Each structure stands twice: as structure tokens, then as C-alpha cells.
Amino acid sequence: MHLDIPTLTIISLLMGIGASVGFTSLLAVLNTQKVLRIWVASIWVNTVAITLIGLRNYIPDVLSIVVGNGLLITGNVLTLKGIAQHVGAALRWRWPCSFALVYTGAIAWFAYVTPNLGARLLAGSLQAMAFNFAYAYLLLRYGEPDIRKSCRIAAVVLIASGLFYLARAFLPLAPAAGQNIMTGGLPVAATYTIGILTTLASYFALLQLITERLVVDLRRAARTDGLTGLLNRSAIVAEGRAALERCLERGQQFALMIFDLDHFKQINDRWGHDAGDAVLRHVTQRLRDAIQWPGHLASRYGGEEFVVALPGASLEQGLAAAERLRHALAHSHAKVGSQPIPVTASIGVAVARPGTRFEHLVRQADHAMYRTKFDGRNGVSAADEHHVRLAEAGDTRC
């Protein structure tokens, strides 16, 4: 079998169909992945585009040249949108879509108004180069630390693909090519071969991005509370221990607050558990608004009980943060439909001493919180020497 351009086009088409079917099958399992939906759409659009371009001489040129190239750049726009969404970068449709329209218009111009196969190949190569570099930029610029490894590997693949298309822009056409790319000669056939390899590498790069994102999401799900999105109990204990050790090693202070929602059982009994869930989400939002301490750790510790660790904070700073939170809760209402539900909290605050274990610190704050409840609720109390002795003498399990 000769690796001429028609044969390579068929190989590229078969590869595109295989990738489309494979990614679609993956989507059937991972149907909650919105980014994957966009990439599946882009791969199918590219496959249709390759089919139309490969049918040159068998279908009208307007379908093969204009529509085929228009779909090809549409697939690139979709891939760009998917990568932007994957890394959380804001991307407006206007500029990529405008670029796609200009490109498609240029292809039509050099196909019918001023026929020039070389200009069409140059335009196609430069747009592919631009999109590959744009993909790589988004991955390197906006990739989160948790997914940085796959972003960097994918960026290297895409930069290499972009450099290939840049080089292809300057390759010569066979003298007898005329306006038919299928007779472009050996240099064009060579670029088709390399293009198939770079496209295949790009598909694997997308798979790697998806895989690492899934691993990260699973890890986050294992350490977060499903209702509030805060750390769960085991996560706050593990991360709190590590943060406390770092602070003690550096001679820094470490404050911790624990708070319990007042009369929460009555809310569930009166308005139902859906209302209770709405209250917990409301409290979580007020917590995020009120606690602006850098590097803080917030957790739903269990039921209606929350723990907030403030690395580097003194007792006074911890008390001030607790009072801001108490005030924010007391002066806002959770809403269930049109029904406002008042929410208050009893808060206890403790600060670590040299040699303090995280478990002891939680118990100190817990004893202080119960003193707040005994004093009438909706307040803030600091742990004292009595609470320290109780915590050190009690069960050290969190």
C-alpha cells in the first residue's frame, strides 16, 4: 500500500472514527463530565470534517473545501472551549468564533475568487498552529496544582503539534498539484503522516487530562462533606494535625474554634430535614464570608457541629473571627422557600500551647463551646485552664 495522500486520508478518517467511538463510549460511563461532552463533540465534528475533505473529487468542492474546513476549525473551537473549562479559565465564544468565520471565508476566497492551493494550506497550517499554542497556553497558565502534571504533559504534546503545523506552512507543493490537495506530492504526504501521529498524541493527552481530573475529584470527594463542600471529620483531623505541627515548629500560634448550631433539632422537627440541609448550606456560606483568615481549614465535624482551624492566629484573633461569624449568623436567616429560619451558634475557641496535640485542642474548644451553651447560647467563649486540664485528662480521639 502506497502512503499517498488519499490513502493517508482514509487512515486519518478511520482513526477519527475510532477516537470518536472510543470517547463517546467513555462519555456513556462518565456522563457527568461536562468537559468530556465538549471534547466528544469536537472529535465528532473533526471526523466529519476529515470525511468531507477526504471525499474531494467525489462530492462538490464547496462541501469538501469550504464546509470541511469550516467544520475543522469549529472542532478546534470546541476543543479550546473544553480546555478552558477544564482549567477554569474564562473564555468568551466571540473571538474564537470570529476567527473561525474569517478563516472559513479565507478558504472560500482562495478556492473560488482567487484559486490558490498554497494559500489554503498556509491558512490551514497557521490556524492549526494558533489553536495548538492556545491550548498549551491555557493548560500552562491556568492548570491547578492538583492537575498540573497532566496539563504540562498535554501542553508539551500540543506545542510540538503547533511547531509541526508551523513547519508545514512552509513546505512546497508538487508543481503538478494545481488546486487539488490530493496531488500535493511527497512533502504534503509526509505532513499527513506526521499529522496523524500528532493527532493521535493529542487524543492521548486529552485522555490523560480526563484521568487526572477524575483522580483529583475522587480524592476531593473522599475528604469533603457532600452537603456543605467543607472538609469532613477525617480530613480536618489529618490536615489540622499537620498544620499544627508546622506552626509549633515555627513558633507560630494556632487557634481553633468549634461551634454548634443552637436548637438545630427543633429546626428538623418543625420544618423537616430538607430545611435542616438548607440551614447547613446557609451556615456554610456565612462561614466562608466571615472567616477570611489565610490558610484556614473549615470542616463540618458532624451533624450540626463545625470546626475551623486558624494557623498562625492568636487567641484574640481567634475570638475576633468567632465573633464575626456569630454576628453574621445571628443577623441573617436561612430560607426554605419563602420561610425565613433564624440561626444562631454557640462557639468555643482554644489556642495551642507548646506540645499541644490537635485532639486536645479540639476538646478544649469543645468544652468552651458547652460553656457558651450553659451561659445561654449565641455567644463565644475561650478555653481556660480548667478546659485545658479536662481536655488533657479526657479521651484523645477526635
# chains A, B, ... in the order shown; residues from 1 in each chain; ligands from 1
>>> residues_around(residues="segment 12-15 of chain A", least_positions_apart="2", cutoff="7 Å", atoms="only C-alpha atoms", output="CSV table (one decimal) with C-alpha atoms, in the first residue's frame")
chain,number,residue,atom,x,y,z
A,8,LEU,CA,-3.4,8.7,4.4
A,9,THR,CA,-6.7,10.5,4.4
A,10,ILE,CA,-8.5,7.2,4.8
A,17,ILE,CA,-14.0,7.3,13.7
A,18,GLY,CA,-12.2,5.1,16.3
A,19,ALA,CA,-11.4,8.0,18.5
A,47,THR,CA,-14.2,13.4,12.0
A,50,ILE,CA,-11.9,14.9,7.6
A,51,THR,CA,-14.5,12.8,5.8
A,196,ILE,CA,-1.9,11.6,12.1
>>> select_by_dssp(residues="segment 236-303 of chain A", states="helix (DSSP H, G or I)", output="ChimeraX atom specification")
/A:236-249,264-271,273-290
>>> write_last_selection(atoms="N, CA and C atoms", output="compact mmCIF listing (two decimals), in the first residue's frame")
# COMPACT_ATOMS: atom_id res chain seq x y z
N ILE A 236 -10.19 17.09 58.36
CA ILE A 236 -9.77 18.18 59.22
C ILE A 236 -8.80 17.68 60.29
N VAL A 237 -8.99 16.44 60.74
CA VAL A 237 -8.06 15.89 61.73
C VAL A 237 -6.68 15.72 61.11
N ALA A 238 -6.63 15.13 59.91
CA ALA A 238 -5.34 14.90 59.26
C ALA A 238 -4.65 16.21 58.90
N GLU A 239 -5.38 17.13 58.27
CA GLU A 239 -4.77 18.39 57.86
C GLU A 239 -4.52 19.30 59.05
N GLY A 240 -5.39 19.23 60.06
CA GLY A 240 -5.20 20.03 61.25
C GLY A 240 -3.96 19.62 62.02
N ARG A 241 -3.72 18.32 62.14
CA ARG A 241 -2.51 17.84 62.80
C ARG A 241 -1.26 18.38 62.09
N ALA A 242 -1.26 18.24 60.78
CA ALA A 242 -0.08 18.68 60.02
C ALA A 242 0.12 20.19 60.15
N ALA A 243 -0.97 20.98 60.07
CA ALA A 243 -0.86 22.43 60.18
C ALA A 243 -0.40 22.84 61.57
N LEU A 244 -0.90 22.16 62.59
CA LEU A 244 -0.49 22.48 63.97
C LEU A 244 1.00 22.18 64.18
N GLU A 245 1.46 21.06 63.67
CA GLU A 245 2.88 20.72 63.80
C GLU A 245 3.76 21.76 63.13
N ARG A 246 3.35 22.22 61.95
CA ARG A 246 4.15 23.24 61.26
C ARG A 246 4.20 24.52 62.08
N CYS A 247 3.07 24.93 62.63
CA CYS A 247 3.04 26.17 63.42
C CYS A 247 3.91 26.05 64.67
N LEU A 248 3.82 24.93 65.37
CA LEU A 248 4.61 24.75 66.58
C LEU A 248 6.10 24.72 66.26
N GLU A 249 6.48 24.08 65.14
CA GLU A 249 7.89 24.05 64.75
C GLU A 249 8.42 25.44 64.45
N PHE A 264 -30.87 23.04 66.72
CA PHE A 264 -30.97 22.52 65.36
C PHE A 264 -32.00 21.40 65.26
N LYS A 265 -32.13 20.59 66.30
CA LYS A 265 -33.11 19.50 66.27
C LYS A 265 -34.52 20.05 66.10
N GLN A 266 -34.78 21.19 66.72
CA GLN A 266 -36.10 21.79 66.59
C GLN A 266 -36.39 22.22 65.15
N ILE A 267 -35.33 22.67 64.46
CA ILE A 267 -35.49 23.05 63.04
C ILE A 267 -35.89 21.83 62.23
N ASN A 268 -35.19 20.70 62.43
CA ASN A 268 -35.53 19.47 61.71
C ASN A 268 -36.93 19.00 62.07
N ASP A 269 -37.28 19.06 63.35
CA ASP A 269 -38.59 18.57 63.77
C ASP A 269 -39.72 19.45 63.23
N ARG A 270 -39.49 20.75 63.15
CA ARG A 270 -40.55 21.67 62.74
C ARG A 270 -40.69 21.78 61.23
N TRP A 271 -39.56 21.91 60.54
CA TRP A 271 -39.61 22.16 59.09
C TRP A 271 -39.14 20.98 58.24
N HIS A 273 -36.17 17.66 57.37
CA HIS A 273 -34.72 17.52 57.14
C HIS A 273 -34.24 18.32 55.93
N ASP A 274 -35.10 18.54 54.95
CA ASP A 274 -34.71 19.39 53.82
C ASP A 274 -34.41 20.81 54.31
N ALA A 275 -35.21 21.28 55.25
CA ALA A 275 -34.95 22.61 55.82
C ALA A 275 -33.64 22.59 56.61
N GLY A 276 -33.39 21.49 57.33
CA GLY A 276 -32.13 21.37 58.04
C GLY A 276 -30.94 21.42 57.12
N ASP A 277 -31.05 20.75 55.96
CA ASP A 277 -29.96 20.80 54.98
C ASP A 277 -29.77 22.22 54.45
N ALA A 278 -30.87 22.92 54.20
CA ALA A 278 -30.79 24.30 53.72
C ALA A 278 -30.10 25.19 54.75
N VAL A 279 -30.39 24.96 56.04
CA VAL A 279 -29.74 25.73 57.10
C VAL A 279 -28.23 25.46 57.12
N LEU A 280 -27.85 24.21 56.97
CA LEU A 280 -26.42 23.86 56.96
C LEU A 280 -25.70 24.52 55.79
N ARG A 281 -26.34 24.56 54.63
CA ARG A 281 -25.72 25.23 53.48
C ARG A 281 -25.64 26.73 53.71
N HIS A 282 -26.66 27.30 54.34
CA HIS A 282 -26.64 28.73 54.67
C HIS A 282 -25.50 29.03 55.64
N VAL A 283 -25.33 28.21 56.65
CA VAL A 283 -24.25 28.41 57.62
C VAL A 283 -22.88 28.30 56.94
N THR A 284 -22.77 27.37 56.02
CA THR A 284 -21.50 27.21 55.29
C THR A 284 -21.15 28.47 54.52
N GLN A 285 -22.13 29.07 53.87
CA GLN A 285 -21.87 30.30 53.12
C GLN A 285 -21.49 31.44 54.03
N ARG A 286 -22.19 31.58 55.16
CA ARG A 286 -21.84 32.64 56.12
C ARG A 286 -20.44 32.40 56.69
N LEU A 287 -20.09 31.14 56.90
CA LEU A 287 -18.76 30.80 57.39
C LEU A 287 -17.69 31.23 56.40
N ARG A 288 -17.93 30.95 55.14
CA ARG A 288 -16.95 31.33 54.11
C ARG A 288 -16.82 32.85 53.98
N ASP A 289 -17.93 33.55 54.17
CA ASP A 289 -17.89 35.01 54.09
C ASP A 289 -17.19 35.62 55.29
N ALA A 290 -17.41 35.05 56.48
CA ALA A 290 -16.92 35.67 57.71
C ALA A 290 -15.46 35.34 58.02
>>> closest_residue(among="A:Leu214, A:Leu36, A:Ile258, A:Ala328", to="Ala368 of chain A", atoms="only C-alpha atoms")
A:Ile258
>>> residues_around(residues="Ala330 of chain A", least_positions_apart="3", cutoff="8 Å", atoms="only C-alpha atoms", output="PyMOL selection string")
chain A and resi 326-327+333+342-345+378
>>> decode(residues="segment 29-78 of chain A", atoms="N, CA and C atoms", output="PDB file, in the first residue's frame")
ATOM      1  N   VAL A  29     -20.072   6.328  30.277  1.00  0.00           N
ATOM      2  CA  VAL A  29     -19.756   5.974  31.662  1.00  0.00           C
ATOM      3  C   VAL A  29     -19.595   7.228  32.517  1.00  0.00           C
ATOM      4  N   LEU A  30     -18.920   8.234  31.959  1.00  0.00           N
ATOM      5  CA  LEU A  30     -18.633   9.468  32.706  1.00  0.00           C
ATOM      6  C   LEU A  30     -19.546  10.586  32.212  1.00  0.00           C
ATOM      7  N   ASN A  31     -20.858  10.348  32.249  1.00  0.00           N
ATOM      8  CA  ASN A  31     -21.794  11.306  31.654  1.00  0.00           C
ATOM      9  C   ASN A  31     -21.961  12.581  32.463  1.00  0.00           C
ATOM     10  N   THR A  32     -21.352  12.659  33.641  1.00  0.00           N
ATOM     11  CA  THR A  32     -21.422  13.902  34.418  1.00  0.00           C
ATOM     12  C   THR A  32     -20.276  14.858  34.089  1.00  0.00           C
ATOM     13  N   GLN A  33     -19.340  14.411  33.284  1.00  0.00           N
ATOM     14  CA  GLN A  33     -18.188  15.239  32.933  1.00  0.00           C
ATOM     15  C   GLN A  33     -18.544  16.158  31.762  1.00  0.00           C
ATOM     16  N   LYS A  34     -18.845  17.419  32.062  1.00  0.00           N
ATOM     17  CA  LYS A  34     -19.263  18.364  31.029  1.00  0.00           C
ATOM     18  C   LYS A  34     -18.154  18.627  30.015  1.00  0.00           C
ATOM     19  N   VAL A  35     -16.913  18.675  30.495  1.00  0.00           N
ATOM     20  CA  VAL A  35     -15.786  18.918  29.588  1.00  0.00           C
ATOM     21  C   VAL A  35     -15.669  17.794  28.582  1.00  0.00           C
ATOM     22  N   LEU A  36     -15.862  16.570  29.033  1.00  0.00           N
ATOM     23  CA  LEU A  36     -15.784  15.421  28.123  1.00  0.00           C
ATOM     24  C   LEU A  36     -16.841  15.515  27.031  1.00  0.00           C
ATOM     25  N   ARG A  37     -18.020  16.023  27.373  1.00  0.00           N
ATOM     26  CA  ARG A  37     -19.060  16.192  26.356  1.00  0.00           C
ATOM     27  C   ARG A  37     -18.592  17.131  25.242  1.00  0.00           C
ATOM     28  N   ILE A  38     -17.939  18.214  25.634  1.00  0.00           N
ATOM     29  CA  ILE A  38     -17.452  19.173  24.638  1.00  0.00           C
ATOM     30  C   ILE A  38     -16.390  18.535  23.763  1.00  0.00           C
ATOM     31  N   TRP A  39     -15.468  17.786  24.391  1.00  0.00           N
ATOM     32  CA  TRP A  39     -14.407  17.156  23.609  1.00  0.00           C
ATOM     33  C   TRP A  39     -14.942  16.067  22.693  1.00  0.00           C
ATOM     34  N   VAL A  40     -15.940  15.320  23.132  1.00  0.00           N
ATOM     35  CA  VAL A  40     -16.549  14.319  22.263  1.00  0.00           C
ATOM     36  C   VAL A  40     -17.177  15.003  21.048  1.00  0.00           C
ATOM     37  N   ALA A  41     -17.871  16.108  21.279  1.00  0.00           N
ATOM     38  CA  ALA A  41     -18.468  16.852  20.162  1.00  0.00           C
ATOM     39  C   ALA A  41     -17.387  17.339  19.199  1.00  0.00           C
ATOM     40  N   SER A  42     -16.274  17.834  19.747  1.00  0.00           N
ATOM     41  CA  SER A  42     -15.200  18.346  18.885  1.00  0.00           C
ATOM     42  C   SER A  42     -14.587  17.232  18.043  1.00  0.00           C
ATOM     43  N   ILE A  43     -14.418  16.046  18.623  1.00  0.00           N
ATOM     44  CA  ILE A  43     -13.817  14.925  17.885  1.00  0.00           C
ATOM     45  C   ILE A  43     -14.752  14.461  16.773  1.00  0.00           C
ATOM     46  N   TRP A  44     -16.060  14.409  17.060  1.00  0.00           N
ATOM     47  CA  TRP A  44     -17.006  14.026  16.005  1.00  0.00           C
ATOM     48  C   TRP A  44     -17.041  15.061  14.884  1.00  0.00           C
ATOM     49  N   VAL A  45     -17.013  16.334  15.249  1.00  0.00           N
ATOM     50  CA  VAL A  45     -17.011  17.392  14.236  1.00  0.00           C
ATOM     51  C   VAL A  45     -15.755  17.278  13.370  1.00  0.00           C
ATOM     52  N   ASN A  46     -14.605  17.036  14.003  1.00  0.00           N
ATOM     53  CA  ASN A  46     -13.363  16.876  13.235  1.00  0.00           C
ATOM     54  C   ASN A  46     -13.427  15.650  12.331  1.00  0.00           C
ATOM     55  N   THR A  47     -14.042  14.580  12.806  1.00  0.00           N
ATOM     56  CA  THR A  47     -14.157  13.370  11.988  1.00  0.00           C
ATOM     57  C   THR A  47     -15.013  13.622  10.747  1.00  0.00           C
ATOM     58  N   VAL A  48     -16.125  14.325  10.929  1.00  0.00           N
ATOM     59  CA  VAL A  48     -16.963  14.681   9.771  1.00  0.00           C
ATOM     60  C   VAL A  48     -16.188  15.577   8.815  1.00  0.00           C
ATOM     61  N   ALA A  49     -15.413  16.514   9.381  1.00  0.00           N
ATOM     62  CA  ALA A  49     -14.616  17.421   8.544  1.00  0.00           C
ATOM     63  C   ALA A  49     -13.598  16.645   7.710  1.00  0.00           C
ATOM     64  N   ILE A  50     -12.906  15.705   8.347  1.00  0.00           N
ATOM     65  CA  ILE A  50     -11.915  14.892   7.619  1.00  0.00           C
ATOM     66  C   ILE A  50     -12.591  14.060   6.542  1.00  0.00           C
ATOM     67  N   THR A  51     -13.792  13.567   6.846  1.00  0.00           N
ATOM     68  CA  THR A  51     -14.541  12.784   5.849  1.00  0.00           C
ATOM     69  C   THR A  51     -14.850  13.629   4.612  1.00  0.00           C
ATOM     70  N   LEU A  52     -15.331  14.843   4.843  1.00  0.00           N
ATOM     71  CA  LEU A  52     -15.662  15.712   3.706  1.00  0.00           C
ATOM     72  C   LEU A  52     -14.415  16.076   2.913  1.00  0.00           C
ATOM     73  N   ILE A  53     -13.332  16.394   3.603  1.00  0.00           N
ATOM     74  CA  ILE A  53     -12.092  16.746   2.894  1.00  0.00           C
ATOM     75  C   ILE A  53     -11.560  15.539   2.127  1.00  0.00           C
ATOM     76  N   GLY A  54     -11.687  14.350   2.722  1.00  0.00           N
ATOM     77  CA  GLY A  54     -11.204  13.139   2.058  1.00  0.00           C
ATOM     78  C   GLY A  54     -12.026  12.724   0.857  1.00  0.00           C
ATOM     79  N   LEU A  55     -13.246  13.218   0.770  1.00  0.00           N
ATOM     80  CA  LEU A  55     -14.114  12.883  -0.371  1.00  0.00           C
ATOM     81  C   LEU A  55     -13.952  13.850  -1.528  1.00  0.00           C
ATOM     82  N   ARG A  56     -12.879  14.606  -1.505  1.00  0.00           N
ATOM     83  CA  ARG A  56     -12.590  15.514  -2.631  1.00  0.00           C
ATOM     84  C   ARG A  56     -12.567  14.709  -3.928  1.00  0.00           C
ATOM     85  N   ASN A  57     -13.145  15.228  -4.943  1.00  0.00           N
ATOM     86  CA  ASN A  57     -13.314  14.600  -6.262  1.00  0.00           C
ATOM     87  C   ASN A  57     -14.556  13.702  -6.312  1.00  0.00           C
ATOM     88  N   TYR A  58     -15.195  13.426  -5.171  1.00  0.00           N
ATOM     89  CA  TYR A  58     -16.400  12.601  -5.148  1.00  0.00           C
ATOM     90  C   TYR A  58     -17.632  13.391  -4.729  1.00  0.00           C
ATOM     91  N   ILE A  59     -17.446  14.542  -4.115  1.00  0.00           N
ATOM     92  CA  ILE A  59     -18.548  15.407  -3.707  1.00  0.00           C
ATOM     93  C   ILE A  59     -18.248  16.809  -4.210  1.00  0.00           C
ATOM     94  N   PRO A  60     -19.228  17.705  -4.230  1.00  0.00           N
ATOM     95  CA  PRO A  60     -18.963  19.080  -4.686  1.00  0.00           C
ATOM     96  C   PRO A  60     -17.848  19.722  -3.860  1.00  0.00           C
ATOM     97  N   ASP A  61     -17.017  20.516  -4.544  1.00  0.00           N
ATOM     98  CA  ASP A  61     -15.888  21.151  -3.872  1.00  0.00           C
ATOM     99  C   ASP A  61     -16.314  22.051  -2.715  1.00  0.00           C
ATOM    100  N   VAL A  62     -17.487  22.650  -2.818  1.00  0.00           N
ATOM    101  CA  VAL A  62     -17.920  23.543  -1.750  1.00  0.00           C
ATOM    102  C   VAL A  62     -18.098  22.770  -0.440  1.00  0.00           C
ATOM    103  N   LEU A  63     -18.535  21.501  -0.547  1.00  0.00           N
ATOM    104  CA  LEU A  63     -18.659  20.666   0.651  1.00  0.00           C
ATOM    105  C   LEU A  63     -17.296  20.218   1.145  1.00  0.00           C
ATOM    106  N   SER A  64     -16.456  19.805   0.212  1.00  0.00           N
ATOM    107  CA  SER A  64     -15.151  19.282   0.607  1.00  0.00           C
ATOM    108  C   SER A  64     -14.229  20.374   1.122  1.00  0.00           C
ATOM    109  N   ILE A  65     -14.176  21.498   0.424  1.00  0.00           N
ATOM    110  CA  ILE A  65     -13.203  22.538   0.769  1.00  0.00           C
ATOM    111  C   ILE A  65     -13.752  23.491   1.825  1.00  0.00           C
ATOM    112  N   VAL A  66     -14.890  24.113   1.543  1.00  0.00           N
ATOM    113  CA  VAL A  66     -15.400  25.169   2.424  1.00  0.00           C
ATOM    114  C   VAL A  66     -16.032  24.584   3.682  1.00  0.00           C
ATOM    115  N   VAL A  67     -17.015  23.695   3.488  1.00  0.00           N
ATOM    116  CA  VAL A  67     -17.694  23.126   4.653  1.00  0.00           C
ATOM    117  C   VAL A  67     -16.734  22.278   5.479  1.00  0.00           C
ATOM    118  N   GLY A  68     -15.889  21.481   4.794  1.00  0.00           N
ATOM    119  CA  GLY A  68     -14.929  20.644   5.509  1.00  0.00           C
ATOM    120  C   GLY A  68     -13.992  21.453   6.381  1.00  0.00           C
ATOM    121  N   ASN A  69     -13.419  22.519   5.813  1.00  0.00           N
ATOM    122  CA  ASN A  69     -12.519  23.369   6.596  1.00  0.00           C
ATOM    123  C   ASN A  69     -13.262  24.152   7.681  1.00  0.00           C
ATOM    124  N   GLY A  70     -14.510  24.539   7.381  1.00  0.00           N
ATOM    125  CA  GLY A  70     -15.303  25.227   8.397  1.00  0.00           C
ATOM    126  C   GLY A  70     -15.573  24.336   9.603  1.00  0.00           C
ATOM    127  N   LEU A  71     -15.895  23.069   9.336  1.00  0.00           N
ATOM    128  CA  LEU A  71     -16.098  22.122  10.439  1.00  0.00           C
ATOM    129  C   LEU A  71     -14.798  21.832  11.179  1.00  0.00           C
ATOM    130  N   LEU A  72     -13.697  21.802  10.434  1.00  0.00           N
ATOM    131  CA  LEU A  72     -12.405  21.526  11.066  1.00  0.00           C
ATOM    132  C   LEU A  72     -12.061  22.590  12.103  1.00  0.00           C
ATOM    133  N   ILE A  73     -12.248  23.845  11.761  1.00  0.00           N
ATOM    134  CA  ILE A  73     -11.935  24.900  12.725  1.00  0.00           C
ATOM    135  C   ILE A  73     -13.006  24.984  13.816  1.00  0.00           C
ATOM    136  N   THR A  74     -14.241  24.567  13.502  1.00  0.00           N
ATOM    137  CA  THR A  74     -15.269  24.500  14.540  1.00  0.00           C
ATOM    138  C   THR A  74     -14.891  23.477  15.607  1.00  0.00           C
ATOM    139  N   GLY A  75     -14.341  22.343  15.157  1.00  0.00           N
ATOM    140  CA  GLY A  75     -13.857  21.350  16.110  1.00  0.00           C
ATOM    141  C   GLY A  75     -12.749  21.900  16.983  1.00  0.00           C
ATOM    142  N   ASN A  76     -11.869  22.709  16.414  1.00  0.00           N
ATOM    143  CA  ASN A  76     -10.802  23.330  17.190  1.00  0.00           C
ATOM    144  C   ASN A  76     -11.348  24.313  18.222  1.00  0.00           C
ATOM    145  N   VAL A  77     -12.385  25.061  17.835  1.00  0.00           N
ATOM    146  CA  VAL A  77     -13.012  25.993  18.775  1.00  0.00           C
ATOM    147  C   VAL A  77     -13.618  25.233  19.953  1.00  0.00           C
ATOM    148  N   LEU A  78     -14.277  24.112  19.668  1.00  0.00           N
ATOM    149  CA  LEU A  78     -14.866  23.304  20.735  1.00  0.00           C
ATOM    150  C   LEU A  78     -13.787  22.741  21.659  1.00  0.00           C
TER     151      LEU A  78
END
